[in-house]
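Source file: model32.cif. Holds: mmCIF, C-alpha atoms and all ligand atoms.
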data_run
#
loop_
_atom_site.label_atom_id
_atom_site.label_comp_id
_atom_site.auth_asym_id
_atom_site.auth_seq_id
_atom_site.Cartn_x
_atom_site.Cartn_y
_atom_site.Cartn_z
CA MET A 1 11.29 36.35 5.84
CA SER A 2 12.41 32.80 5.08
CA SER A 3 10.13 30.88 2.79
CA LEU A 4 8.03 28.11 4.27
CA GLN A 5 9.00 24.51 3.55
CA PRO A 6 6.96 21.31 3.48
CA VAL A 7 7.21 19.25 6.68
CA ARG A 8 10.08 16.75 6.60
CA GLY A 9 8.99 13.47 5.03
CA THR A 10 6.07 15.01 3.13
CA ARG A 11 5.98 15.90 -0.54
CA ASP A 12 3.86 17.75 -3.03
CA LEU A 13 2.50 15.70 -5.89
CA ILE A 14 2.71 17.80 -9.01
CA GLY A 15 3.01 17.06 -12.73
CA ASP A 16 4.47 13.65 -13.55
CA ASP A 17 4.54 12.65 -9.84
CA MET A 18 0.81 13.18 -9.56
CA ARG A 19 0.07 11.53 -12.91
CA ARG A 20 1.97 8.41 -11.84
CA HIS A 21 0.24 8.42 -8.49
CA ARG A 22 -3.16 8.69 -10.13
CA HIS A 23 -2.38 5.98 -12.66
CA VAL A 24 -1.52 3.59 -9.83
CA SER A 25 -4.65 4.33 -7.78
CA ASP A 26 -6.96 4.43 -10.84
CA THR A 27 -5.64 1.08 -12.06
CA ALA A 28 -6.03 -0.48 -8.62
CA ARG A 29 -9.55 0.89 -8.19
CA ARG A 30 -10.62 -0.42 -11.60
CA VAL A 31 -9.14 -3.89 -11.10
CA ALA A 32 -10.46 -4.18 -7.53
CA ALA A 33 -13.96 -3.44 -8.86
CA LEU A 34 -13.60 -6.37 -11.29
CA TYR A 35 -13.24 -8.59 -8.22
CA GLY A 36 -16.28 -7.06 -6.54
CA PHE A 37 -14.43 -4.85 -4.07
CA GLU A 38 -16.24 -1.63 -3.13
CA GLU A 39 -14.41 1.50 -2.11
CA TRP A 40 -14.64 2.74 1.47
CA SER A 41 -13.24 5.98 2.77
CA THR A 42 -12.63 6.19 6.50
CA PRO A 43 -11.36 9.25 8.42
CA ILE A 44 -7.64 9.91 8.36
CA PHE A 45 -7.66 10.25 12.14
CA GLU A 46 -9.12 7.96 14.73
CA GLU A 47 -9.13 7.56 18.48
CA THR A 48 -5.64 6.38 19.36
CA ALA A 49 -7.03 3.13 20.81
CA VAL A 50 -8.15 2.02 17.32
CA PHE A 51 -4.47 1.52 16.48
CA SER A 52 -2.74 1.02 19.83
CA ARG A 53 -5.10 -1.72 20.94
CA THR A 54 -5.02 -3.61 17.67
CA LEU A 55 -1.61 -3.15 16.11
CA GLY A 56 -0.06 -4.47 19.31
CA GLU A 57 1.40 -2.27 22.00
CA THR A 58 4.90 -3.48 21.11
CA SER A 59 4.83 -3.03 17.34
CA ASP A 60 7.28 -0.54 15.80
CA VAL A 61 4.37 1.36 14.34
CA VAL A 62 2.74 1.90 17.74
CA THR A 63 5.87 2.47 19.81
CA LYS A 64 7.83 4.68 17.42
CA GLU A 65 5.93 5.76 14.36
CA MET A 66 2.49 7.08 15.25
CA TYR A 67 1.47 10.71 14.96
CA THR A 68 -0.48 10.96 18.20
CA PHE A 69 -1.69 14.17 19.79
CA ALA A 70 -4.27 15.46 22.22
CA ASP A 71 -6.90 17.51 20.42
CA ARG A 72 -8.42 20.67 21.90
CA GLY A 73 -10.94 18.62 23.83
CA GLY A 74 -8.16 16.52 25.36
CA ASP A 75 -8.93 13.32 23.43
CA SER A 76 -5.98 11.26 22.21
CA ILE A 77 -6.10 11.25 18.42
CA THR A 78 -3.82 9.44 15.95
CA LEU A 79 -3.31 10.10 12.26
CA ARG A 80 -3.86 6.66 10.75
CA PRO A 81 -0.61 4.74 10.14
CA GLU A 82 -2.56 2.13 8.12
CA ALA A 83 -6.18 1.49 7.24
CA THR A 84 -6.93 -2.12 8.16
CA ALA A 85 -7.72 -1.23 11.78
CA SER A 86 -9.88 1.68 10.57
CA VAL A 87 -11.83 -0.56 8.17
CA CYS A 88 -12.49 -3.09 10.95
CA ARG A 89 -13.56 -0.28 13.27
CA ALA A 90 -15.90 0.96 10.53
CA LEU A 91 -17.30 -2.54 9.98
CA VAL A 92 -18.24 -2.72 13.65
CA THR A 93 -19.51 0.85 14.11
CA ASN A 94 -21.63 0.65 10.94
CA GLY A 95 -23.26 -2.59 12.08
CA LEU A 96 -21.94 -4.62 9.15
CA THR A 97 -20.54 -7.57 11.06
CA GLN A 98 -23.58 -9.66 10.09
CA ALA A 99 -23.55 -8.47 6.48
CA LEU A 100 -20.64 -10.60 5.32
CA PRO A 101 -18.71 -10.92 3.18
CA GLN A 102 -17.60 -7.31 2.88
CA LYS A 103 -15.09 -6.67 0.11
CA VAL A 104 -13.40 -3.35 0.73
CA PHE A 105 -11.00 -1.32 -1.39
CA TYR A 106 -9.41 1.88 -0.11
CA ALA A 107 -6.86 4.44 -1.23
CA GLY A 108 -5.49 7.35 0.71
CA PRO A 109 -2.80 8.95 2.85
CA MET A 110 -1.17 7.26 5.86
CA PHE A 111 1.16 8.82 8.41
CA ARG A 112 4.21 7.35 10.12
CA TYR A 113 7.00 9.13 11.92
CA GLU A 114 9.91 7.37 10.19
CA ARG A 115 13.32 8.43 8.93
CA PRO A 116 12.55 9.78 5.46
CA GLN A 117 14.46 8.22 2.55
CA LYS A 118 13.75 7.08 -0.99
CA GLY A 119 10.42 5.24 -0.89
CA ARG A 120 9.85 6.06 2.78
CA TYR A 121 7.92 9.15 3.80
CA ARG A 122 6.05 10.47 6.80
CA GLN A 123 2.93 11.07 4.76
CA PHE A 124 2.63 8.36 2.15
CA HIS A 125 -0.28 6.73 0.35
CA GLN A 126 -1.60 3.23 0.24
CA ILE A 127 -4.12 1.29 -1.76
CA GLY A 128 -5.49 -1.77 -0.06
CA LEU A 129 -8.05 -4.55 -0.01
CA GLU A 130 -9.86 -6.19 2.87
CA LEU A 131 -11.94 -9.33 2.27
CA ILE A 132 -13.88 -9.74 5.50
CA GLY A 133 -15.92 -12.85 6.26
CA PRO A 134 -14.55 -15.90 4.45
CA ALA A 135 -12.29 -18.21 6.45
CA GLU A 136 -11.44 -20.27 3.36
CA PRO A 137 -7.99 -20.32 1.72
CA LEU A 138 -9.76 -19.43 -1.56
CA ALA A 139 -10.16 -15.90 -0.14
CA ASP A 140 -6.42 -15.62 0.57
CA ALA A 141 -5.67 -16.69 -3.00
CA GLU A 142 -8.26 -14.27 -4.39
CA VAL A 143 -6.83 -11.18 -2.70
CA ILE A 144 -3.34 -12.19 -3.83
CA ALA A 145 -4.65 -12.73 -7.37
CA CYS A 146 -6.22 -9.26 -7.37
CA GLY A 147 -2.95 -7.73 -6.16
CA TRP A 148 -1.06 -9.61 -8.86
CA GLN A 149 -3.45 -8.39 -11.56
CA ILE A 150 -3.03 -4.79 -10.39
CA LEU A 151 0.76 -5.10 -10.43
CA SER A 152 0.61 -6.83 -13.84
CA GLU A 153 -1.62 -4.15 -15.36
CA LEU A 154 0.84 -1.55 -14.07
CA GLY A 155 3.55 -3.41 -15.97
CA LEU A 156 5.31 -4.47 -12.75
CA ALA A 157 4.99 -8.24 -13.00
CA PRO A 158 8.61 -8.61 -14.21
CA ASP A 159 9.87 -6.43 -11.33
CA VAL A 160 8.26 -8.14 -8.37
CA VAL A 161 8.45 -11.51 -6.68
CA LEU A 162 5.63 -12.88 -4.54
CA GLU A 163 7.02 -14.30 -1.31
CA ILE A 164 4.66 -16.18 0.93
CA ASN A 165 4.65 -17.82 4.32
CA THR A 166 2.19 -19.08 6.88
CA LEU A 167 1.94 -18.00 10.48
CA GLY A 168 -0.32 -21.00 11.14
CA ASP A 169 -3.22 -21.13 13.55
CA THR A 170 -3.07 -20.24 17.23
CA GLU A 171 -1.82 -23.68 18.23
CA SER A 172 0.92 -23.72 15.57
CA ARG A 173 2.03 -20.25 16.53
CA ALA A 174 2.24 -21.12 20.24
CA ALA A 175 4.52 -24.06 19.47
CA TYR A 176 6.62 -21.98 17.11
CA ARG A 177 6.85 -19.16 19.60
CA ALA A 178 8.31 -21.55 22.19
CA ALA A 179 10.93 -22.74 19.67
CA LEU A 180 11.85 -19.16 18.80
CA VAL A 181 12.16 -18.13 22.45
CA ALA A 182 14.53 -21.05 23.06
CA TYR A 183 16.63 -20.15 20.02
CA PHE A 184 16.82 -16.38 20.55
CA THR A 185 17.42 -16.76 24.30
CA ALA A 186 20.56 -18.72 23.44
CA HIS A 187 21.65 -15.71 21.31
CA GLU A 188 20.26 -13.02 23.54
CA ALA A 189 23.59 -11.27 24.19
CA SER A 190 24.05 -10.60 20.45
CA LEU A 191 20.54 -9.29 19.81
CA SER A 192 19.75 -5.60 19.43
CA GLU A 193 18.10 -3.88 22.36
CA ASP A 194 14.80 -3.71 20.45
CA SER A 195 14.91 -7.42 19.78
CA ARG A 196 15.68 -8.25 23.41
CA THR A 197 12.44 -6.44 24.26
CA ARG A 198 10.65 -8.30 21.46
CA LEU A 199 11.96 -11.59 22.90
CA VAL A 200 9.85 -11.03 25.99
CA ARG A 201 6.81 -9.45 24.39
CA ASN A 202 6.57 -10.82 20.84
CA PRO A 203 9.45 -13.00 19.66
CA LEU A 204 8.00 -13.46 16.13
CA ARG A 205 8.74 -9.80 15.56
CA ILE A 206 12.47 -10.46 15.76
CA LEU A 207 12.19 -12.21 12.37
CA ASP A 208 11.15 -8.85 10.91
CA SER A 209 14.05 -6.89 12.42
CA LYS A 210 16.01 -4.64 10.06
CA ASP A 211 19.08 -4.59 12.35
CA GLU A 212 22.12 -6.15 10.60
CA GLY A 213 23.24 -8.14 13.65
CA ASP A 214 19.72 -9.42 14.27
CA ARG A 215 19.44 -10.47 10.65
CA ARG A 216 22.50 -12.71 10.97
CA ILE A 217 20.96 -14.47 13.96
CA VAL A 218 17.56 -14.65 12.27
CA ALA A 219 19.15 -16.40 9.28
CA ASN A 220 19.54 -19.59 11.32
CA ALA A 221 16.38 -19.33 13.39
CA PRO A 222 13.91 -22.22 13.29
CA THR A 223 11.06 -21.90 10.78
CA ILE A 224 7.39 -22.56 11.46
CA GLY A 225 7.08 -25.55 9.11
CA ALA A 226 7.83 -28.20 11.73
CA HIS A 227 5.34 -26.64 14.14
CA LEU A 228 2.27 -26.44 11.92
CA THR A 229 -0.82 -28.38 12.92
CA PRO A 230 -2.15 -30.61 10.10
CA GLU A 231 -5.04 -28.15 9.57
CA ALA A 232 -2.70 -25.17 9.28
CA ALA A 233 -0.42 -27.07 6.90
CA ARG A 234 -3.42 -28.03 4.75
CA PHE A 235 -4.63 -24.42 4.67
CA TYR A 236 -1.24 -23.23 3.44
CA ASP A 237 -1.03 -26.02 0.84
CA THR A 238 -4.45 -25.05 -0.51
CA VAL A 239 -3.47 -21.38 -0.89
CA ARG A 240 -0.35 -22.37 -2.79
CA ALA A 241 -2.25 -24.86 -4.95
CA HIS A 242 -4.71 -22.10 -5.96
CA LEU A 243 -1.82 -19.80 -6.88
CA THR A 244 -0.27 -22.55 -8.97
CA THR A 245 -3.57 -23.18 -10.75
CA LEU A 246 -3.81 -19.46 -11.58
CA GLY A 247 -0.23 -19.40 -12.83
CA ILE A 248 0.87 -16.84 -10.24
CA PRO A 249 4.56 -17.41 -9.49
CA PHE A 250 5.66 -17.38 -5.85
CA VAL A 251 8.48 -18.45 -3.58
CA ASP A 252 8.23 -19.63 0.01
CA ASN A 253 9.93 -17.28 2.43
CA PRO A 254 9.74 -18.58 6.01
CA ARG A 255 11.09 -15.26 7.31
CA ILE A 256 8.00 -13.28 6.38
CA VAL A 257 6.02 -12.22 9.38
CA ARG A 258 3.83 -9.20 9.15
CA GLY A 259 4.91 -6.33 11.38
CA LEU A 260 1.56 -6.30 13.12
CA ASP A 261 0.15 -8.56 15.79
CA TYR A 262 -3.17 -9.64 14.40
CA TYR A 263 -2.07 -11.91 11.56
CA SER A 264 -2.55 -15.68 11.21
CA HIS A 265 -2.15 -18.23 8.41
CA THR A 266 -1.11 -16.61 5.13
CA ALA A 267 1.46 -13.79 5.14
CA PHE A 268 2.84 -12.49 1.87
CA GLU A 269 4.78 -9.69 0.26
CA PHE A 270 5.40 -8.62 -3.30
CA VAL A 271 9.02 -7.45 -3.22
CA THR A 272 11.36 -5.82 -5.68
CA THR A 273 15.11 -5.41 -5.76
CA SER A 274 14.81 -2.05 -7.57
CA LEU A 275 14.09 0.17 -4.56
CA GLY A 276 17.00 -0.52 -2.22
CA ALA A 277 15.97 -1.21 1.35
CA GLN A 278 12.41 -0.14 0.56
CA GLY A 279 11.80 -3.34 -1.38
CA THR A 280 8.32 -4.28 -0.20
CA VAL A 281 5.71 -3.02 -2.61
CA MET A 282 2.61 -4.84 -1.39
CA ALA A 283 2.19 -6.71 1.87
CA GLY A 284 -0.64 -8.52 3.53
CA GLY A 285 -2.09 -11.60 5.06
CA ARG A 286 -4.89 -13.12 7.08
CA TYR A 287 -5.99 -11.37 10.25
CA ASP A 288 -8.75 -13.47 11.78
CA GLY A 289 -8.39 -11.83 15.21
CA LEU A 290 -8.71 -8.15 14.41
CA VAL A 291 -12.47 -7.54 14.18
CA ALA A 292 -12.91 -9.17 17.61
CA GLU A 293 -10.18 -6.89 18.99
CA MET A 294 -12.26 -4.00 17.75
CA GLY A 295 -15.23 -5.19 19.81
CA GLY A 296 -17.02 -7.13 17.07
CA PRO A 297 -17.68 -10.88 16.81
CA GLN A 298 -14.90 -13.28 15.86
CA THR A 299 -14.60 -12.60 12.09
CA PRO A 300 -12.11 -14.01 9.62
CA ALA A 301 -10.50 -11.61 7.16
CA VAL A 302 -7.62 -11.33 4.72
CA GLY A 303 -6.16 -8.35 2.87
CA TRP A 304 -3.15 -6.36 1.79
CA ALA A 305 -1.84 -2.84 1.53
CA ALA A 306 0.55 -1.42 -1.05
CA GLY A 307 2.57 1.77 -1.11
CA ILE A 308 1.51 4.01 -3.99
CA GLU A 309 4.82 5.96 -3.97
CA ARG A 310 6.84 2.77 -4.37
CA MET A 311 4.70 1.58 -7.28
CA ALA A 312 4.72 5.07 -8.84
CA MET A 313 8.53 4.96 -8.82
CA LEU A 314 8.59 1.55 -10.51
CA ILE A 315 6.15 2.11 -13.35
CA ALA A 316 7.50 3.21 -16.72
CA GLY A 317 5.22 6.25 -16.78
CA ALA A 318 1.64 7.37 -16.73
CA PRO A 319 -0.51 7.46 -19.85
CA ALA A 320 -0.66 10.95 -21.31
CA GLU A 321 -3.89 12.92 -21.44
CA PRO A 322 -5.25 13.30 -24.98
CA ALA A 323 -3.71 16.32 -26.71
CA PRO A 324 -5.98 19.37 -26.44
CA VAL A 325 -7.59 21.48 -29.10
CA ALA A 326 -6.68 25.19 -28.90
CA VAL A 327 -9.47 27.66 -29.65
CA ILE A 328 -7.98 30.95 -30.81
CA PRO A 329 -9.96 34.15 -31.24
CA ALA A 330 -8.69 36.23 -34.17
CA GLY A 331 -9.07 39.67 -32.61
CA ASP A 332 -10.52 40.84 -29.31
CA ASP A 333 -14.02 41.14 -30.74
CA ALA A 334 -14.07 37.35 -31.26
CA GLU A 335 -13.18 36.45 -27.68
CA ALA A 336 -16.75 35.96 -26.44
CA ALA A 337 -17.63 33.73 -29.41
CA ALA A 338 -14.40 31.75 -28.93
CA PHE A 339 -15.15 31.28 -25.24
CA ALA A 340 -18.64 30.02 -26.08
CA LEU A 341 -17.14 27.64 -28.65
CA VAL A 342 -14.54 26.17 -26.30
CA GLN A 343 -17.30 25.55 -23.77
CA ARG A 344 -19.30 23.73 -26.44
CA LEU A 345 -16.33 21.49 -27.27
CA ARG A 346 -15.77 20.71 -23.58
CA GLY A 347 -19.45 19.95 -23.20
CA ALA A 348 -19.05 17.45 -26.07
CA GLY A 349 -16.15 15.76 -24.22
CA ILE A 350 -13.34 17.24 -26.29
CA ARG A 351 -10.37 18.44 -24.26
CA SER A 352 -9.84 22.04 -25.32
CA GLU A 353 -8.26 25.27 -24.16
CA ILE A 354 -8.47 28.96 -24.87
CA GLY A 355 -5.51 31.30 -24.46
CA TYR A 356 -5.92 34.24 -22.10
CA ARG A 357 -4.04 36.91 -24.02
CA GLY A 358 -1.87 37.74 -27.02
CA ASN A 359 -2.32 38.25 -30.75
CA LEU A 360 -3.08 35.45 -33.18
CA ARG A 361 0.58 34.60 -33.79
CA ARG A 362 1.46 34.44 -30.08
CA ARG A 363 -1.55 32.29 -29.35
CA MET A 364 -0.66 29.91 -32.20
CA GLU A 365 2.87 29.59 -30.82
CA ARG A 366 1.53 28.85 -27.37
CA ALA A 367 -0.90 26.23 -28.76
CA ASN A 368 2.01 24.47 -30.48
CA ARG A 369 4.17 24.59 -27.37
CA GLY A 370 1.28 23.26 -25.30
CA GLY A 371 1.12 20.17 -27.51
CA ALA A 372 -2.29 21.00 -29.02
CA ARG A 373 -3.33 18.65 -31.83
CA ALA A 374 -5.44 21.26 -33.60
CA ALA A 375 -6.22 24.94 -33.53
CA VAL A 376 -9.67 26.38 -34.16
CA ILE A 377 -9.28 29.97 -35.30
CA LEU A 378 -12.35 32.10 -34.98
CA GLY A 379 -12.76 35.71 -36.17
CA ALA A 380 -15.85 37.81 -35.46
CA ASP A 381 -17.13 37.81 -39.05
CA GLU A 382 -16.43 34.06 -39.39
CA ALA A 383 -18.38 33.49 -36.19
CA ALA A 384 -21.24 35.51 -37.68
CA ARG A 385 -21.14 33.26 -40.79
CA GLY A 386 -21.13 30.13 -38.60
CA ILE A 387 -17.68 28.91 -39.64
CA ALA A 388 -14.14 28.67 -38.29
CA GLN A 389 -10.68 27.77 -39.59
CA LEU A 390 -9.55 24.33 -38.41
CA LYS A 391 -5.79 23.85 -38.50
CA ASP A 392 -4.28 20.42 -37.92
CA LEU A 393 -1.12 21.17 -35.93
CA VAL A 394 0.37 17.77 -36.72
CA THR A 395 0.16 18.02 -40.53
CA GLY A 396 -0.22 21.82 -40.85
CA ALA A 397 -3.29 21.43 -43.10
CA GLN A 398 -5.94 24.11 -42.69
CA ARG A 399 -9.56 24.21 -43.86
CA GLU A 400 -12.83 25.94 -43.24
CA VAL A 401 -15.37 24.04 -41.15
CA ALA A 402 -18.97 24.86 -40.29
CA LEU A 403 -19.25 25.39 -36.51
CA ASP A 404 -22.03 22.79 -36.46
CA ASP A 405 -19.64 20.18 -37.89
CA LEU A 406 -16.73 21.04 -35.63
CA VAL A 407 -17.43 18.52 -32.87
CA ASP A 408 -17.57 15.67 -35.39
CA ALA A 409 -14.41 16.90 -37.11
CA LEU A 410 -12.55 16.90 -33.81
CA ARG A 411 -13.93 13.68 -32.42
CA VAL A 412 -11.01 11.42 -33.32
CA ALA A 413 -8.70 8.98 -31.56
CA PRO A 414 -7.00 10.78 -28.64
CA GLN A 415 -3.56 11.30 -30.18
CA GLY A 416 -4.63 11.22 -33.80
CA ALA A 417 -4.71 14.02 -36.32
CA VAL A 418 -8.05 15.66 -37.01
CA ALA A 419 -10.29 14.07 -39.62
P1 LIG B 501 8.63 -1.52 5.65
O1 LIG B 501 9.14 -2.86 6.01
O2 LIG B 501 9.12 -1.01 4.33
O3 LIG B 501 8.75 -0.50 6.77
P2 LIG B 501 5.99 -2.07 6.59
O4 LIG B 501 6.03 -3.50 6.97
O5 LIG B 501 6.08 -1.04 7.65
O6 LIG B 501 7.08 -1.75 5.44
P3 LIG B 501 3.21 -2.19 5.90
O7 LIG B 501 2.76 -1.67 7.20
O8 LIG B 501 3.01 -3.61 5.59
O9 LIG B 501 4.74 -1.79 5.68
O10 LIG B 501 2.60 -1.28 4.73
C1 LIG B 501 2.35 -1.82 3.42
C2 LIG B 501 3.11 -1.06 2.36
O11 LIG B 501 3.00 0.34 2.52
C3 LIG B 501 4.61 -1.30 2.34
O12 LIG B 501 4.90 -2.50 1.72
C4 LIG B 501 5.10 -0.11 1.55
O13 LIG B 501 4.91 -0.31 0.16
C5 LIG B 501 4.17 0.97 2.03
N1 LIG B 501 4.80 1.78 3.09
C6 LIG B 501 4.89 1.51 4.42
N2 LIG B 501 5.50 2.49 5.09
C7 LIG B 501 5.81 3.44 4.16
C8 LIG B 501 6.44 4.74 4.22
N3 LIG B 501 6.84 5.25 5.37
N4 LIG B 501 6.59 5.42 3.06
C9 LIG B 501 6.17 4.93 1.87
N5 LIG B 501 5.56 3.72 1.76
C10 LIG B 501 5.38 2.99 2.88
MG MG B 502 7.65 0.10 8.41
#

Show me this structure written as structure tokens.
Amino acid sequence: MSSLQPVRGTRDLIGDDMRRHRHVSDTARRVAALYGFEEWSTPIFEETAVFSRTLGETSDVVTKEMYTFADRGGDSITLRPEATASVCRALVTNGLTQALPQKVFYAGPMFRYERPQKGRYRQFHQIGLELIGPAEPLADAEVIACGWQILSELGLAPDVVLEINTLGDTESRAAYRAALVAYFTAHEASLSEDSRTRLVRNPLRILDSKDEGDRRIVANAPTIGAHLTPEAARFYDTVRAHLTTLGIPFVDNPRIVRGLDYYSHTAFEFVTTSLGAQGTVMAGGRYDGLVAEMGGPQTPAVGWAAGIERMAMLIAGAPAEPAPVAVIPAGDDAEAAAFALVQRLRGAGIRSEIGYRGNLRRRMERANRGGARAAVILGADEAARGIAQLKDLVTGAQREVALDDLVDALRVAPQGAVA
């Protein structure tokens, strides 16, 4: 029988992969809490309409990338390709639209049927923030600042560049759309088939095309600047002024449009040149129209999502767990006492292990190989006398310690030698 393989585009997170992954999500969760964001967890599948109605029927995600299936009851279900739509759905269905602001953090798996490559998977993981309620540019700057702090605490500040743009308000976007239609229509023959469809249904999307030929045409396309209403221009200026005040470096990139339909005003990406074509680490913007699309009242909101795998690849490493203490019974008749002792150490918050088999020498070897910082050797008669041998595996020094003093003797700085 052939052995079973993971589904294409999925991966197991084991060892260093998982430690990196956890370090990214733990750091993000901790920093987000400093800003007052609270974690939500929404289901990983939703009614298909949650995504198809809100991400825009013409977006790449909806037309090509969704994992959609009929369940046994015949309902159309989709594995979530992103969480913003889910969070807005949850805001409405939990009756929270009048309890604003809501500051939401999430972390979890997302699913997109894409061509797998480095930094691009079919099951991947995102962390994200949604700040729902405030219409003020201060909120845009705050979510960017939180993202920047997370990236900085992960050591990624030198690797990423913040690129920002504005998509303006509805009026600005309508004027810009007309200018784009005029420009791309003049180049229609050279556009990719996808972009010719976008030209009719959502011309802004062409700016986001990854097709080489499209990119050459996009390079000379008009930018939104000239089409901004004074209010939209002021909004954008205020966001940038806040970033400057906070010392967060950024560059204007008029080509940034978010892939999804519900964005307005600020759009931004933290990008890196270290991951090839998968250069966007964190991406977000303002989406004032989405909650209303979900059947709630008109509600301003701004947020971002970031790919955990991409950040996990960029970080130097994950912090190591503190080295364990190995408890070693000297003889089979000491096993029960050793097991009780290791449980006592764990209860006192000391990372410790007990070997499952082998004589004293073999267990000592295994403790050394396992990176233990100390060994506690316990024989039956020593246990009866209330003592054990404590061996520092860093210095090799060994001494007798009363079992009652053991916790204190072992309670030292994580990587340090025993006291
Ligand atoms: P890309 O342009 O790389 O396809 P996107 O615009 O589709 O990205 P978003 O929908 O904005 O991405 O998702 C936010 C972040 O999630 C991305 O910046 C990236 O870090 C991560 N991400 C998106 N799709 C994938 C994927 N298939 N595999 C791994 N990470 C992903
Ligand atoms: Mg994509």

Selection near stretch 201-217 of chain A, 12 Å with all atoms listed in the file, sequence-local residues under 2 positions removed, as an mmCIF file with C-alpha atoms, in the frame of the given file:
data_model
loop_
_atom_site.group_PDB
_atom_site.id
_atom_site.type_symbol
_atom_site.label_atom_id
_atom_site.label_comp_id
_atom_site.auth_asym_id
_atom_site.auth_seq_id
_atom_site.Cartn_x
_atom_site.Cartn_y
_atom_site.Cartn_z
ATOM 1 C CA GLY A 56 -0.060 -4.470 19.310
ATOM 2 C CA GLU A 57 1.400 -2.270 22.000
ATOM 3 C CA THR A 58 4.900 -3.480 21.110
ATOM 4 C CA SER A 59 4.830 -3.030 17.340
ATOM 5 C CA ASP A 60 7.280 -0.540 15.800
ATOM 6 C CA LEU A 167 1.940 -18.000 10.480
ATOM 7 C CA ARG A 173 2.030 -20.250 16.530
ATOM 8 C CA ALA A 174 2.240 -21.120 20.240
ATOM 9 C CA ALA A 175 4.520 -24.060 19.470
ATOM 10 C CA TYR A 176 6.620 -21.980 17.110
ATOM 11 C CA ARG A 177 6.850 -19.160 19.600
ATOM 12 C CA ALA A 178 8.310 -21.550 22.190
ATOM 13 C CA ALA A 179 10.930 -22.740 19.670
ATOM 14 C CA LEU A 180 11.850 -19.160 18.800
ATOM 15 C CA VAL A 181 12.160 -18.130 22.450
ATOM 16 C CA ALA A 182 14.530 -21.050 23.060
ATOM 17 C CA TYR A 183 16.630 -20.150 20.020
ATOM 18 C CA PHE A 184 16.820 -16.380 20.550
ATOM 19 C CA THR A 185 17.420 -16.760 24.300
ATOM 20 C CA ALA A 186 20.560 -18.720 23.440
ATOM 21 C CA HIS A 187 21.650 -15.710 21.310
ATOM 22 C CA GLU A 188 20.260 -13.020 23.540
ATOM 23 C CA ALA A 189 23.590 -11.270 24.190
ATOM 24 C CA SER A 190 24.050 -10.600 20.450
ATOM 25 C CA LEU A 191 20.540 -9.290 19.810
ATOM 26 C CA SER A 192 19.750 -5.600 19.430
ATOM 27 C CA GLU A 193 18.100 -3.880 22.360
ATOM 28 C CA ASP A 194 14.800 -3.710 20.450
ATOM 29 C CA SER A 195 14.910 -7.420 19.780
ATOM 30 C CA ARG A 196 15.680 -8.250 23.410
ATOM 31 C CA THR A 197 12.440 -6.440 24.260
ATOM 32 C CA ARG A 198 10.650 -8.300 21.460
ATOM 33 C CA LEU A 199 11.960 -11.590 22.900
ATOM 34 C CA ALA A 219 19.150 -16.400 9.280
ATOM 35 C CA ASN A 220 19.540 -19.590 11.320
ATOM 36 C CA ALA A 221 16.380 -19.330 13.390
ATOM 37 C CA PRO A 222 13.910 -22.220 13.290
ATOM 38 C CA THR A 223 11.060 -21.900 10.780
ATOM 39 C CA ILE A 224 7.390 -22.560 11.460
ATOM 40 C CA ASN A 253 9.930 -17.280 2.430
ATOM 41 C CA PRO A 254 9.740 -18.580 6.010
ATOM 42 C CA ARG A 255 11.090 -15.260 7.310
ATOM 43 C CA ILE A 256 8.000 -13.280 6.380
ATOM 44 C CA VAL A 257 6.020 -12.220 9.380
ATOM 45 C CA ARG A 258 3.830 -9.200 9.150
ATOM 46 C CA GLY A 259 4.910 -6.330 11.380
ATOM 47 C CA LEU A 260 1.560 -6.300 13.120
ATOM 48 C CA ASP A 261 0.150 -8.560 15.790
ATOM 49 C CA TYR A 262 -3.170 -9.640 14.400
ATOM 50 C CA TYR A 263 -2.070 -11.910 11.560
ATOM 51 C CA SER A 264 -2.550 -15.680 11.210
ATOM 52 C CA ALA A 277 15.970 -1.210 1.350
ATOM 53 C CA GLN A 278 12.410 -0.140 0.560
#

Listed atoms of ligand LIG 501 (chain B) boxed along x, y and z, 3 Å each side, centre and edge lengths in Å, one decimal, as JSON:
{"center_x": 5.7, "center_y": 0.9, "center_z": 3.9, "size_x": 12.8, "size_y": 15.0, "size_z": 13.5}

Do you have, as a Markdown table, the list of residues of chain A lying at most 7 Å from ligand LIG 501 (chain B), each with its nearest atom pair and that distance in Å to one decimal, counting all atoms listed in the file and ordered by chain then number?
| residue | atom | partner | partner_atom | distance |
| --- | --- | --- | --- | --- |
| A:Glu82 | CA | B:LIG501 | O7 | 6.6 |
| A:Arg112 | CA | B:LIG501 | N3 | 5.8 |
| A:Glu114 | CA | B:LIG501 | N3 | 6.1 |
| A:Gly119 | CA | B:LIG501 | C9 | 5.1 |
| A:Arg120 | CA | B:LIG501 | N4 | 3.3 |
| A:Tyr121 | CA | B:LIG501 | N4 | 4.0 |
| A:Arg122 | CA | B:LIG501 | N3 | 5.5 |
| A:Gln123 | CA | B:LIG501 | N4 | 6.9 |
| A:Phe124 | CA | B:LIG501 | C9 | 4.9 |
| A:His125 | CA | B:LIG501 | N5 | 6.7 |
| A:Gln126 | CA | B:LIG501 | O11 | 5.9 |
| A:Arg258 | CA | B:LIG501 | O4 | 6.5 |
| A:Gly259 | CA | B:LIG501 | O4 | 5.4 |
| A:Gln278 | CA | B:LIG501 | O2 | 5.1 |
| A:Gly279 | CA | B:LIG501 | O2 | 6.7 |
| A:Thr280 | CA | B:LIG501 | O12 | 4.3 |
| A:Val281 | CA | B:LIG501 | O13 | 4.0 |
| A:Met282 | CA | B:LIG501 | O12 | 4.5 |
| A:Ala283 | CA | B:LIG501 | O8 | 4.9 |
| A:Gly284 | CA | B:LIG501 | O8 | 6.5 |
| A:Ala305 | CA | B:LIG501 | C1 | 4.7 |
| A:Ala306 | CA | B:LIG501 | C2 | 4.3 |
| A:Gly307 | CA | B:LIG501 | O13 | 3.4 |
| A:Ile308 | CA | B:LIG501 | O13 | 6.9 |
| A:Glu309 | CA | B:LIG501 | C9 | 6.1 |
| A:Arg310 | CA | B:LIG501 | O13 | 5.8 |
